[in-house]
$ cat target31.json   # JSON, C-alpha atoms
[["chain", "number", "residue", "atom", "x", "y", "z"],
["A", 24, "MET", "CA", 59.62, 51.56, -51.83],
["A", 25, "SER", "CA", 61.46, 50.49, -48.70],
["A", 26, "GLU", "CA", 62.90, 52.99, -46.25],
["A", 27, "LEU", "CA", 64.63, 56.25, -47.07],
["A", 28, "VAL", "CA", 68.27, 56.62, -46.03],
["A", 29, "GLU", "CA", 70.99, 59.17, -46.52],
["A", 30, "HIS", "CA", 73.42, 58.27, -49.30],
["A", 31, "VAL", "CA", 76.84, 59.24, -47.96],
["A", 32, "ASP", "CA", 80.34, 59.42, -49.38],
["A", 33, "GLU", "CA", 83.65, 57.82, -48.38],
["A", 34, "HIS", "CA", 83.91, 60.36, -45.53],
["A", 35, "ASP", "CA", 80.32, 59.85, -44.25],
["A", 36, "ARG", "CA", 79.13, 63.17, -45.70],
["A", 37, "VAL", "CA", 75.53, 63.25, -46.91],
["A", 38, "LEU", "CA", 75.11, 63.31, -50.69],
["A", 39, "GLY", "CA", 71.34, 62.91, -50.84],
["A", 40, "VAL", "CA", 68.30, 60.89, -49.81],
["A", 41, "VAL", "CA", 67.66, 57.54, -51.51],
["A", 42, "ASP", "CA", 65.63, 54.39, -51.08],
["A", 43, "ARG", "CA", 67.62, 51.84, -49.02],
["A", 44, "ASP", "CA", 67.03, 49.07, -51.58],
["A", 45, "GLU", "CA", 68.37, 51.39, -54.30],
["A", 46, "ALA", "CA", 71.44, 52.18, -52.16],
["A", 47, "VAL", "CA", 72.13, 48.45, -51.80],
["A", 48, "ARG", "CA", 71.45, 47.73, -55.50],
["A", 49, "GLU", "CA", 73.69, 50.63, -56.64],
["A", 50, "ASN", "CA", 76.38, 49.87, -54.06],
["A", 51, "TRP", "CA", 76.06, 53.34, -52.48],
["A", 52, "PRO", "CA", 77.30, 53.85, -48.93],
["A", 53, "HIS", "CA", 74.63, 54.58, -46.32],
["A", 54, "ARG", "CA", 74.46, 54.55, -42.52],
["A", 55, "ILE", "CA", 73.61, 51.80, -40.05],
["A", 56, "ALA", "CA", 73.50, 52.39, -36.28],
["A", 57, "THR", "CA", 74.46, 49.37, -34.22],
["A", 58, "THR", "CA", 74.90, 48.49, -30.57],
["A", 59, "ILE", "CA", 76.94, 45.79, -28.91],
["A", 60, "CYS", "CA", 75.07, 44.89, -25.74],
["A", 61, "ARG", "CA", 76.78, 43.73, -22.56],
["A", 62, "ASP", "CA", 75.24, 42.60, -19.30],
["A", 63, "ARG", "CA", 76.54, 43.51, -15.84],
["A", 64, "GLU", "CA", 78.77, 40.40, -15.85],
["A", 65, "GLY", "CA", 80.45, 41.56, -19.07],
["A", 66, "ARG", "CA", 78.87, 38.94, -21.32],
["A", 67, "ILE", "CA", 77.95, 39.97, -24.87],
["A", 68, "LEU", "CA", 74.55, 39.46, -26.41],
["A", 69, "VAL", "CA", 74.68, 37.21, -29.46],
["A", 70, "LEU", "CA", 71.64, 36.85, -31.66],
["A", 71, "ARG", "CA", 70.61, 34.85, -34.69],
["A", 72, "ARG", "CA", 68.66, 36.76, -37.30],
["A", 73, "ALA", "CA", 65.27, 35.38, -38.28],
["A", 74, "GLU", "CA", 65.17, 33.25, -41.43],
["A", 75, "THR", "CA", 62.66, 35.69, -42.93],
["A", 76, "MET", "CA", 65.05, 38.65, -42.84],
["A", 77, "SER", "CA", 65.91, 40.05, -46.29],
["A", 78, "ARG", "CA", 69.54, 40.62, -45.33],
["A", 79, "PHE", "CA", 71.63, 37.81, -43.81],
["A", 80, "PRO", "CA", 68.78, 35.48, -42.80],
["A", 81, "GLY", "CA", 69.78, 32.95, -40.13],
["A", 82, "HIS", "CA", 73.17, 34.59, -39.55],
["A", 83, "TYR", "CA", 74.56, 35.28, -36.08],
["A", 84, "ASP", "CA", 75.48, 38.78, -34.98],
["A", 85, "VAL", "CA", 76.69, 40.77, -31.98],
["A", 86, "MET", "CA", 75.16, 43.98, -33.25],
["A", 87, "VAL", "CA", 71.59, 45.12, -32.73],
["A", 88, "GLY", "CA", 70.67, 47.84, -35.14],
["A", 89, "GLY", "CA", 69.38, 49.11, -38.41],
["A", 90, "ALA", "CA", 69.33, 51.93, -40.90],
["A", 91, "VAL", "CA", 69.72, 55.49, -39.69],
["A", 92, "ASN", "CA", 66.63, 57.43, -40.75],
["A", 93, "VAL", "CA", 66.97, 60.64, -42.73],
["A", 94, "GLY", "CA", 67.95, 63.45, -40.35],
["A", 95, "GLU", "CA", 68.55, 61.06, -37.45],
["A", 96, "SER", "CA", 71.88, 60.74, -35.62],
["A", 97, "TYR", "CA", 73.67, 57.43, -35.14],
["A", 98, "GLY", "CA", 72.88, 57.62, -31.41],
["A", 99, "GLN", "CA", 69.18, 58.33, -31.90],
["A", 100, "ALA", "CA", 68.92, 55.41, -34.32],
["A", 101, "ALA", "CA", 70.80, 53.09, -31.95],
["A", 102, "VAL", "CA", 68.39, 53.83, -29.08],
["A", 103, "ARG", "CA", 65.37, 53.42, -31.39],
["A", 104, "GLU", "CA", 66.63, 50.09, -32.75],
["A", 105, "LEU", "CA", 67.28, 48.70, -29.24],
["A", 106, "THR", "CA", 63.69, 49.49, -28.32],
["A", 107, "GLU", "CA", 62.29, 48.02, -31.54],
["A", 108, "GLU", "CA", 64.40, 44.86, -31.61],
["A", 109, "LEU", "CA", 64.95, 44.06, -27.91],
["A", 110, "GLY", "CA", 62.17, 45.92, -26.11],
["A", 111, "VAL", "CA", 64.64, 47.83, -23.91],
["A", 112, "ARG", "CA", 65.34, 51.51, -23.53],
["A", 113, "VAL", "CA", 68.84, 52.06, -22.21],
["A", 114, "PRO", "CA", 71.52, 54.67, -22.80],
["A", 115, "VAL", "CA", 74.07, 53.94, -25.51],
["A", 116, "ARG", "CA", 77.68, 55.06, -25.66],
["A", 117, "PHE", "CA", 79.16, 55.83, -29.08],
["A", 118, "LEU", "CA", 82.41, 53.91, -29.60],
["A", 119, "PHE", "CA", 83.53, 54.24, -33.21],
["A", 120, "LYS", "CA", 82.41, 54.18, -36.80],
["A", 121, "PHE", "CA", 83.88, 52.49, -39.83],
["A", 122, "LEU", "CA", 83.13, 51.94, -43.49],
["A", 123, "CYS", "CA", 82.43, 48.25, -43.94],
["A", 124, "ARG", "CA", 82.76, 46.86, -47.45],
["A", 125, "ALA", "CA", 82.09, 43.23, -46.47],
["A", 126, "GLY", "CA", 78.50, 42.24, -47.04],
["A", 127, "ILE", "CA", 75.75, 43.50, -49.30],
["A", 128, "SER", "CA", 77.00, 47.04, -49.97],
["A", 129, "PRO", "CA", 79.37, 49.58, -48.43],
["A", 130, "ILE", "CA", 77.92, 50.69, -45.10],
["A", 131, "TRP", "CA", 79.02, 53.18, -42.49],
["A", 132, "PHE", "CA", 78.52, 51.43, -39.16],
["A", 133, "GLY", "CA", 78.16, 53.68, -36.12],
["A", 134, "VAL", "CA", 78.99, 51.25, -33.30],
["A", 135, "HIS", "CA", 77.69, 51.85, -29.78],
["A", 136, "GLU", "CA", 77.80, 49.93, -26.52],
["A", 137, "ALA", "CA", 75.00, 49.51, -24.01],
["A", 138, "VAL", "CA", 74.86, 47.79, -20.65],
["A", 139, "VAL", "CA", 71.54, 45.99, -20.44],
["A", 140, "SER", "CA", 70.44, 44.86, -16.99],
["A", 141, "GLU", "CA", 66.76, 44.28, -17.73],
["A", 142, "ALA", "CA", 65.29, 41.28, -19.50],
["A", 143, "VAL", "CA", 65.31, 41.56, -23.27],
["A", 144, "VAL", "CA", 62.21, 40.70, -25.29],
["A", 145, "PRO", "CA", 63.48, 40.18, -28.84],
["A", 146, "ASP", "CA", 61.18, 40.92, -31.76],
["A", 147, "PRO", "CA", 60.62, 37.43, -33.27],
["A", 148, "VAL", "CA", 60.21, 38.96, -36.72],
["A", 149, "GLU", "CA", 63.87, 39.99, -36.56],
["A", 150, "ILE", "CA", 65.54, 37.75, -33.96],
["A", 151, "ALA", "CA", 65.15, 33.96, -33.88],
["A", 152, "TRP", "CA", 67.49, 33.24, -30.95],
["A", 153, "HIS", "CA", 69.68, 35.09, -28.46],
["A", 154, "ALA", "CA", 72.07, 34.35, -25.60],
["A", 155, "TRP", "CA", 74.51, 36.17, -23.36],
["A", 156, "ILE", "CA", 77.98, 34.65, -23.76],
["A", 157, "THR", "CA", 81.44, 35.46, -22.47],
["A", 158, "VAL", "CA", 84.10, 36.99, -24.70],
["A", 159, "ASP", "CA", 86.09, 33.74, -24.52],
["A", 160, "GLU", "CA", 83.04, 31.72, -25.59],
["A", 161, "LEU", "CA", 82.35, 34.19, -28.38],
["A", 162, "LEU", "CA", 85.91, 33.95, -29.67],
["A", 163, "GLU", "CA", 85.49, 30.16, -29.88],
["A", 164, "VAL", "CA", 82.40, 30.38, -32.12],
["A", 165, "VAL", "CA", 82.84, 33.57, -34.17],
["A", 166, "GLU", "CA", 84.68, 31.72, -36.95],
["A", 167, "GLU", "CA", 82.60, 28.53, -36.70],
["A", 168, "TRP", "CA", 79.11, 30.03, -36.79],
["A", 169, "LEU", "CA", 77.72, 31.86, -39.81],
["A", 170, "PHE", "CA", 78.17, 35.49, -38.70],
["A", 171, "VAL", "CA", 77.10, 38.68, -40.46],
["A", 172, "PRO", "CA", 80.39, 39.94, -41.98],
["A", 173, "GLY", "CA", 79.99, 43.48, -40.60],
["A", 174, "GLY", "CA", 79.24, 42.08, -37.14],
["A", 175, "ARG", "CA", 82.41, 40.01, -37.19],
["A", 176, "GLU", "CA", 84.42, 43.09, -38.23],
["A", 177, "ALA", "CA", 82.79, 45.29, -35.57],
["A", 178, "LEU", "CA", 83.51, 42.67, -32.90],
["A", 179, "ARG", "CA", 87.17, 42.50, -33.95],
["A", 180, "ARG", "CA", 87.49, 46.28, -33.75],
["A", 181, "TYR", "CA", 85.60, 46.37, -30.45],
["A", 182, "LEU", "CA", 87.89, 43.83, -28.80],
["A", 183, "GLU", "CA", 91.11, 45.22, -30.28],
["A", 184, "SER", "CA", 90.18, 48.67, -28.98],
["A", 185, "GLY", "CA", 89.87, 47.29, -25.47],
["A", 186, "PHE", "CA", 86.13, 47.94, -25.21],
["A", 187, "GLY", "CA", 85.43, 44.25, -24.65],
["A", 188, "GLY", "CA", 86.04, 44.34, -20.93],
["A", 189, "GLY", "CA", 89.80, 43.98, -21.02],
["A", 190, "ALA", "CA", 89.92, 41.46, -23.84],
["A", 191, "GLY", "CA", 92.90, 43.37, -25.15],
["A", 192, "LYS", "CA", 94.11, 42.33, -28.57],
["A", 193, "ALA", "CA", 91.93, 39.26, -28.86],
["A", 194, "ALA", "CA", 91.33, 38.30, -32.48],
["A", 195, "ALA", "CA", 87.89, 37.86, -33.92],
["A", 196, "GLY", "CA", 88.28, 37.34, -37.61]]
$ encode --input "target31.json" --output "structure tokens"
Amino acid sequence: MSELVEHVDEHDRVLGVVDRDEAVRENWPHRIATTICRDREGRILVLRRAETMSRFPGHYDVMVGGAVNVGESYGQAAVRELTEELGVRVPVRFLFKFLCRAGISPIWFGVHEAVVSEAVVPDPVEIAWHAWITVDELLEVVEEWLFVPGGREALRRYLESGFGGGAGKAAAG
């Protein structure tokens, strides 16, 4: 048995508690808390997932995150995941959520933003590489590099909403 998650409906209402692997196998929506990290210069953290990851090994992403535990809020999960994956404890700001159907199963992504001014210490079990890059640099590589589909979609929504430091209606996917 993997981890327990809340199976949710098309409106993000809880239907029950299930094993995450079962949710993926049965194509049931569940919740993932994610954070797009920026530094004080406005650059975005890009990471490459470790090759040993069960989901999207070796793919690039702009989101740090993971499954929302049963009874946990998106925000609580986002803070926990930042600590686990990057070794930082910083406040997160909820931005938006969306039901993503691209990828392994339908997933409700709760997307947050965090400004990280301290050094990150990525968990090598989960993150093989990371770098802080500008929005312009990111827009040059987002279609060339193998990105997690949900991360590409979240980045597009992030930039179109104006959260990306004035990037306006920049396209990312």
$ atom_distance --input "target31.json" --atom1 "atom CA of A:Phe170" --atom2 "atom CA of A:Glu45"
24.3 Å
$ closest_residue --input "target31.json" --among "A:Gly185, A:Gly98, A:Gly174, A:Pro147" --to "A:Arg124" --atoms "only C-alpha atoms"
A:Gly174
$ closest_residue --input "target31.json" --among "A:Pro129, A:Gly65, A:Gly89, A:Gly173" --to "A:Glu33" --atoms "all atoms listed in the file"
A:Pro129
$ closest_residue --input "target31.json" --among "A:Arg36, A:Arg63, A:Arg78, A:His135" --to "A:Leu105" --atoms "all atoms listed in the file"
A:His135
$ residues_around --input "target31.json" --residues "stretch 113-118 of chain A" --least-positions-apart "3" --cutoff "9 Å" --atoms "only C-alpha atoms" --output "list in words"
Thr58, Tyr97, Gly98, Ala101, Val102, Leu105, Thr106, Gly133, Val134, His135, Glu136, Ala137, Val138, Val139, Tyr181 and Phe186 of chain A
$ residues_around --input "target31.json" --residues "A:Trp131" --least-positions-apart "4" --cutoff "9 Å" --atoms "all atoms listed in the file" --output "PDB file with C-alpha atoms, in the frame of the given file"
ATOM      1  CA  VAL A  31      76.840  59.240 -47.960  1.00  0.00           C
ATOM      2  CA  GLU A  33      83.650  57.820 -48.380  1.00  0.00           C
ATOM      3  CA  ASP A  35      80.320  59.850 -44.250  1.00  0.00           C
ATOM      4  CA  PRO A  52      77.300  53.850 -48.930  1.00  0.00           C
ATOM      5  CA  HIS A  53      74.630  54.580 -46.320  1.00  0.00           C
ATOM      6  CA  ARG A  54      74.460  54.550 -42.520  1.00  0.00           C
ATOM      7  CA  ILE A  55      73.610  51.800 -40.050  1.00  0.00           C
ATOM      8  CA  ALA A  56      73.500  52.390 -36.280  1.00  0.00           C
ATOM      9  CA  LYS A 120      82.410  54.180 -36.800  1.00  0.00           C
ATOM     10  CA  PHE A 121      83.880  52.490 -39.830  1.00  0.00           C
ATOM     11  CA  LEU A 122      83.130  51.940 -43.490  1.00  0.00           C
ATOM     12  CA  CYS A 123      82.430  48.250 -43.940  1.00  0.00           C
ATOM     13  CA  ARG A 124      82.760  46.860 -47.450  1.00  0.00           C
TER      14      ARG A 124
END
$ closest_residue --input "target31.json" --among "A:Val69, A:Glu49, A:Asp44, A:Arg180" --to "A:Phe132" --atoms "all atoms listed in the file"
A:Arg180
$ closest_residue --input "target31.json" --among "A:Val91, A:Val148, A:Phe79, A:Arg72" --to "A:Ile130" --atoms "only C-alpha atoms"
A:Val91
$ decode --input "target31.json" --residues "stretch 25-171 of chain A" --atoms "C-alpha atoms" --output "PDB file, in the first residue's frame"
ATOM      1  CA  SER A  25       1.328   3.428  -0.900  1.00  0.00           C
ATOM      2  CA  GLU A  26      -0.037   6.596   0.655  1.00  0.00           C
ATOM      3  CA  LEU A  27      -3.655   7.370   1.452  1.00  0.00           C
ATOM      4  CA  VAL A  28      -5.267  10.308  -0.348  1.00  0.00           C
ATOM      5  CA  GLU A  29      -8.712  11.799  -0.574  1.00  0.00           C
ATOM      6  CA  HIS A  30     -10.608  10.749  -3.699  1.00  0.00           C
ATOM      7  CA  VAL A  31     -12.400  13.899  -4.853  1.00  0.00           C
ATOM      8  CA  ASP A  32     -14.971  14.718  -7.504  1.00  0.00           C
ATOM      9  CA  GLU A  33     -15.012  17.153 -10.425  1.00  0.00           C
ATOM     10  CA  HIS A  34     -15.622  19.998  -7.939  1.00  0.00           C
ATOM     11  CA  ASP A  35     -12.838  18.958  -5.507  1.00  0.00           C
ATOM     12  CA  ARG A  36     -15.324  17.596  -2.947  1.00  0.00           C
ATOM     13  CA  VAL A  37     -14.135  14.606  -0.923  1.00  0.00           C
ATOM     14  CA  LEU A  38     -15.760  11.294  -1.850  1.00  0.00           C
ATOM     15  CA  GLY A  39     -13.638   9.005   0.306  1.00  0.00           C
ATOM     16  CA  VAL A  40     -10.154   7.859   1.281  1.00  0.00           C
ATOM     17  CA  VAL A  41      -8.222   5.628  -1.125  1.00  0.00           C
ATOM     18  CA  ASP A  42      -4.722   4.379  -1.779  1.00  0.00           C
ATOM     19  CA  ARG A  43      -2.913   6.801  -4.141  1.00  0.00           C
ATOM     20  CA  ASP A  44      -1.829   3.984  -6.469  1.00  0.00           C
ATOM     21  CA  GLU A  45      -5.462   2.851  -6.683  1.00  0.00           C
ATOM     22  CA  ALA A  46      -6.571   6.424  -7.464  1.00  0.00           C
ATOM     23  CA  VAL A  47      -4.056   6.558 -10.321  1.00  0.00           C
ATOM     24  CA  ARG A  48      -4.954   3.059 -11.578  1.00  0.00           C
ATOM     25  CA  GLU A  49      -8.713   3.795 -11.463  1.00  0.00           C
ATOM     26  CA  ASN A  50      -8.300   7.301 -12.901  1.00  0.00           C
ATOM     27  CA  TRP A  51      -9.893   8.907  -9.818  1.00  0.00           C
ATOM     28  CA  PRO A  52      -9.202  12.583  -9.120  1.00  0.00           C
ATOM     29  CA  HIS A  53      -7.142  13.321  -6.010  1.00  0.00           C
ATOM     30  CA  ARG A  54      -5.236  16.327  -4.659  1.00  0.00           C
ATOM     31  CA  ILE A  55      -1.655  17.467  -5.150  1.00  0.00           C
ATOM     32  CA  ALA A  56      -0.231  20.570  -3.436  1.00  0.00           C
ATOM     33  CA  THR A  57       2.431  22.351  -5.435  1.00  0.00           C
ATOM     34  CA  THR A  58       4.573  25.447  -5.119  1.00  0.00           C
ATOM     35  CA  ILE A  59       6.280  27.547  -7.741  1.00  0.00           C
ATOM     36  CA  CYS A  60       9.383  28.965  -6.077  1.00  0.00           C
ATOM     37  CA  ARG A  61      10.862  32.344  -6.938  1.00  0.00           C
ATOM     38  CA  ASP A  62      13.994  33.985  -5.612  1.00  0.00           C
ATOM     39  CA  ARG A  63      14.327  37.668  -4.718  1.00  0.00           C
ATOM     40  CA  GLU A  64      15.437  38.457  -8.293  1.00  0.00           C
ATOM     41  CA  GLY A  65      12.230  36.937  -9.676  1.00  0.00           C
ATOM     42  CA  ARG A  66      13.842  33.829 -11.147  1.00  0.00           C
ATOM     43  CA  ILE A  67      11.887  30.572 -11.017  1.00  0.00           C
ATOM     44  CA  LEU A  68      13.239  27.337  -9.626  1.00  0.00           C
ATOM     45  CA  VAL A  69      13.346  24.590 -12.248  1.00  0.00           C
ATOM     46  CA  LEU A  70      14.107  21.047 -11.214  1.00  0.00           C
ATOM     47  CA  ARG A  71      14.634  17.706 -12.890  1.00  0.00           C
ATOM     48  CA  ARG A  72      13.002  14.765 -11.179  1.00  0.00           C
ATOM     49  CA  ALA A  73      15.247  11.860 -10.202  1.00  0.00           C
ATOM     50  CA  GLU A  74      15.334   8.927 -12.619  1.00  0.00           C
ATOM     51  CA  THR A  75      14.136   6.654  -9.806  1.00  0.00           C
ATOM     52  CA  MET A  76      10.835   8.498  -9.344  1.00  0.00           C
ATOM     53  CA  SER A  77       7.756   6.367 -10.102  1.00  0.00           C
ATOM     54  CA  ARG A  78       5.967   9.260 -11.785  1.00  0.00           C
ATOM     55  CA  PHE A  79       7.655  11.263 -14.562  1.00  0.00           C
ATOM     56  CA  PRO A  80      11.261  10.149 -13.932  1.00  0.00           C
ATOM     57  CA  GLY A  81      13.838  12.527 -15.424  1.00  0.00           C
ATOM     58  CA  HIS A  82      11.224  15.132 -16.353  1.00  0.00           C
ATOM     59  CA  TYR A  83      11.670  18.841 -15.657  1.00  0.00           C
ATOM     60  CA  ASP A  84       9.195  20.760 -13.532  1.00  0.00           C
ATOM     61  CA  VAL A  85       8.577  24.180 -11.992  1.00  0.00           C
ATOM     62  CA  MET A  86       6.424  22.749  -9.227  1.00  0.00           C
ATOM     63  CA  VAL A  87       7.660  21.344  -5.933  1.00  0.00           C
ATOM     64  CA  GLY A  88       5.014  19.257  -4.279  1.00  0.00           C
ATOM     65  CA  GLY A  89       3.199  16.051  -3.651  1.00  0.00           C
ATOM     66  CA  ALA A  90       0.010  14.404  -2.528  1.00  0.00           C
ATOM     67  CA  VAL A  91      -2.177  16.130   0.025  1.00  0.00           C
ATOM     68  CA  ASN A  92      -2.522  13.820   3.027  1.00  0.00           C
ATOM     69  CA  VAL A  93      -5.949  12.853   4.323  1.00  0.00           C
ATOM     70  CA  GLY A  94      -7.340  15.753   6.360  1.00  0.00           C
ATOM     71  CA  GLU A  95      -4.544  18.112   5.299  1.00  0.00           C
ATOM     72  CA  SER A  96      -5.127  21.423   3.501  1.00  0.00           C
ATOM     73  CA  TYR A  97      -3.415  22.329   0.244  1.00  0.00           C
ATOM     74  CA  GLY A  98      -1.386  24.962   2.120  1.00  0.00           C
ATOM     75  CA  GLN A  99      -0.259  22.596   4.870  1.00  0.00           C
ATOM     76  CA  ALA A 100       0.829  20.050   2.271  1.00  0.00           C
ATOM     77  CA  ALA A 101       2.674  22.697   0.241  1.00  0.00           C
ATOM     78  CA  VAL A 102       4.721  23.804   3.276  1.00  0.00           C
ATOM     79  CA  ARG A 103       5.447  20.170   4.221  1.00  0.00           C
ATOM     80  CA  GLU A 104       6.566  19.284   0.693  1.00  0.00           C
ATOM     81  CA  LEU A 105       8.905  22.304   0.473  1.00  0.00           C
ATOM     82  CA  THR A 106      10.583  21.166   3.674  1.00  0.00           C
ATOM     83  CA  GLU A 107      10.825  17.547   2.539  1.00  0.00           C
ATOM     84  CA  GLU A 108      12.004  18.209  -1.009  1.00  0.00           C
ATOM     85  CA  LEU A 109      14.064  21.418  -0.692  1.00  0.00           C
ATOM     86  CA  GLY A 110      14.976  21.602   2.987  1.00  0.00           C
ATOM     87  CA  VAL A 111      13.392  25.057   3.375  1.00  0.00           C
ATOM     88  CA  ARG A 112      10.563  26.290   5.538  1.00  0.00           C
ATOM     89  CA  VAL A 113       9.025  29.411   4.038  1.00  0.00           C
ATOM     90  CA  PRO A 114       5.508  30.797   3.854  1.00  0.00           C
ATOM     91  CA  VAL A 115       3.464  29.905   0.790  1.00  0.00           C
ATOM     92  CA  ARG A 116       0.763  31.965  -0.881  1.00  0.00           C
ATOM     93  CA  PHE A 117      -2.163  30.112  -2.459  1.00  0.00           C
ATOM     94  CA  LEU A 118      -2.658  31.226  -6.067  1.00  0.00           C
ATOM     95  CA  PHE A 119      -5.178  28.957  -7.773  1.00  0.00           C
ATOM     96  CA  LYS A 120      -6.272  25.382  -8.258  1.00  0.00           C
ATOM     97  CA  PHE A 121      -7.230  23.483 -11.367  1.00  0.00           C
ATOM     98  CA  LEU A 122      -8.193  19.996 -12.456  1.00  0.00           C
ATOM     99  CA  CYS A 123      -5.392  18.708 -14.643  1.00  0.00           C
ATOM    100  CA  ARG A 124      -6.219  15.820 -16.962  1.00  0.00           C
ATOM    101  CA  ALA A 125      -2.795  15.717 -18.647  1.00  0.00           C
ATOM    102  CA  GLY A 126      -0.537  13.098 -17.146  1.00  0.00           C
ATOM    103  CA  ILE A 127      -1.134   9.900 -15.226  1.00  0.00           C
ATOM    104  CA  SER A 128      -4.639  10.570 -13.880  1.00  0.00           C
ATOM    105  CA  PRO A 129      -6.935  13.525 -13.207  1.00  0.00           C
ATOM    106  CA  ILE A 130      -5.417  15.593 -10.404  1.00  0.00           C
ATOM    107  CA  TRP A 131      -6.536  18.698  -8.587  1.00  0.00           C
ATOM    108  CA  PHE A 132      -3.438  20.882  -8.339  1.00  0.00           C
ATOM    109  CA  GLY A 133      -3.437  23.495  -5.576  1.00  0.00           C
ATOM    110  CA  VAL A 134      -0.770  25.901  -6.840  1.00  0.00           C
ATOM    111  CA  HIS A 135       1.123  28.144  -4.415  1.00  0.00           C
ATOM    112  CA  GLU A 136       3.995  30.586  -4.713  1.00  0.00           C
ATOM    113  CA  ALA A 137       6.906  31.008  -2.333  1.00  0.00           C
ATOM    114  CA  VAL A 138       9.810  33.426  -2.295  1.00  0.00           C
ATOM    115  CA  VAL A 139      12.878  31.477  -1.265  1.00  0.00           C
ATOM    116  CA  SER A 140      15.885  33.511  -0.163  1.00  0.00           C
ATOM    117  CA  GLU A 141      17.811  30.776   1.620  1.00  0.00           C
ATOM    118  CA  ALA A 142      19.875  28.065  -0.027  1.00  0.00           C
ATOM    119  CA  VAL A 143      17.880  25.045  -1.097  1.00  0.00           C
ATOM    120  CA  VAL A 144      19.104  21.534  -0.303  1.00  0.00           C
ATOM    121  CA  PRO A 145      17.156  19.270  -2.660  1.00  0.00           C
ATOM    122  CA  ASP A 146      16.400  15.706  -1.608  1.00  0.00           C
ATOM    123  CA  PRO A 147      18.483  13.660  -4.099  1.00  0.00           C
ATOM    124  CA  VAL A 148      15.954  10.829  -3.936  1.00  0.00           C
ATOM    125  CA  GLU A 149      13.437  13.155  -5.593  1.00  0.00           C
ATOM    126  CA  ILE A 150      15.446  15.888  -7.353  1.00  0.00           C
ATOM    127  CA  ALA A 151      18.414  15.182  -9.636  1.00  0.00           C
ATOM    128  CA  TRP A 152      19.142  18.777 -10.696  1.00  0.00           C
ATOM    129  CA  HIS A 153      17.881  22.301 -10.061  1.00  0.00           C
ATOM    130  CA  ALA A 154      18.561  25.866 -11.189  1.00  0.00           C
ATOM    131  CA  TRP A 155      17.080  29.322 -10.826  1.00  0.00           C
ATOM    132  CA  ILE A 156      16.240  30.718 -14.271  1.00  0.00           C
ATOM    133  CA  THR A 157      14.515  33.820 -15.580  1.00  0.00           C
ATOM    134  CA  VAL A 158      11.009  33.716 -17.021  1.00  0.00           C
ATOM    135  CA  ASP A 159      12.437  34.501 -20.475  1.00  0.00           C
ATOM    136  CA  GLU A 160      14.928  31.619 -20.189  1.00  0.00           C
ATOM    137  CA  LEU A 161      12.167  29.325 -18.980  1.00  0.00           C
ATOM    138  CA  LEU A 162       9.933  30.223 -21.915  1.00  0.00           C
ATOM    139  CA  GLU A 163      12.781  29.262 -24.263  1.00  0.00           C
ATOM    140  CA  VAL A 164      13.115  25.740 -22.825  1.00  0.00           C
ATOM    141  CA  VAL A 165       9.625  24.774 -21.632  1.00  0.00           C
ATOM    142  CA  GLU A 166       8.710  23.264 -25.007  1.00  0.00           C
ATOM    143  CA  GLU A 167      12.180  21.846 -25.721  1.00  0.00           C
ATOM    144  CA  TRP A 168      12.819  20.039 -22.438  1.00  0.00           C
ATOM    145  CA  LEU A 169      10.768  17.060 -21.284  1.00  0.00           C
ATOM    146  CA  PHE A 170       8.448  18.742 -18.749  1.00  0.00           C
ATOM    147  CA  VAL A 171       5.859  17.178 -16.466  1.00  0.00           C
TER     148      VAL A 171
END
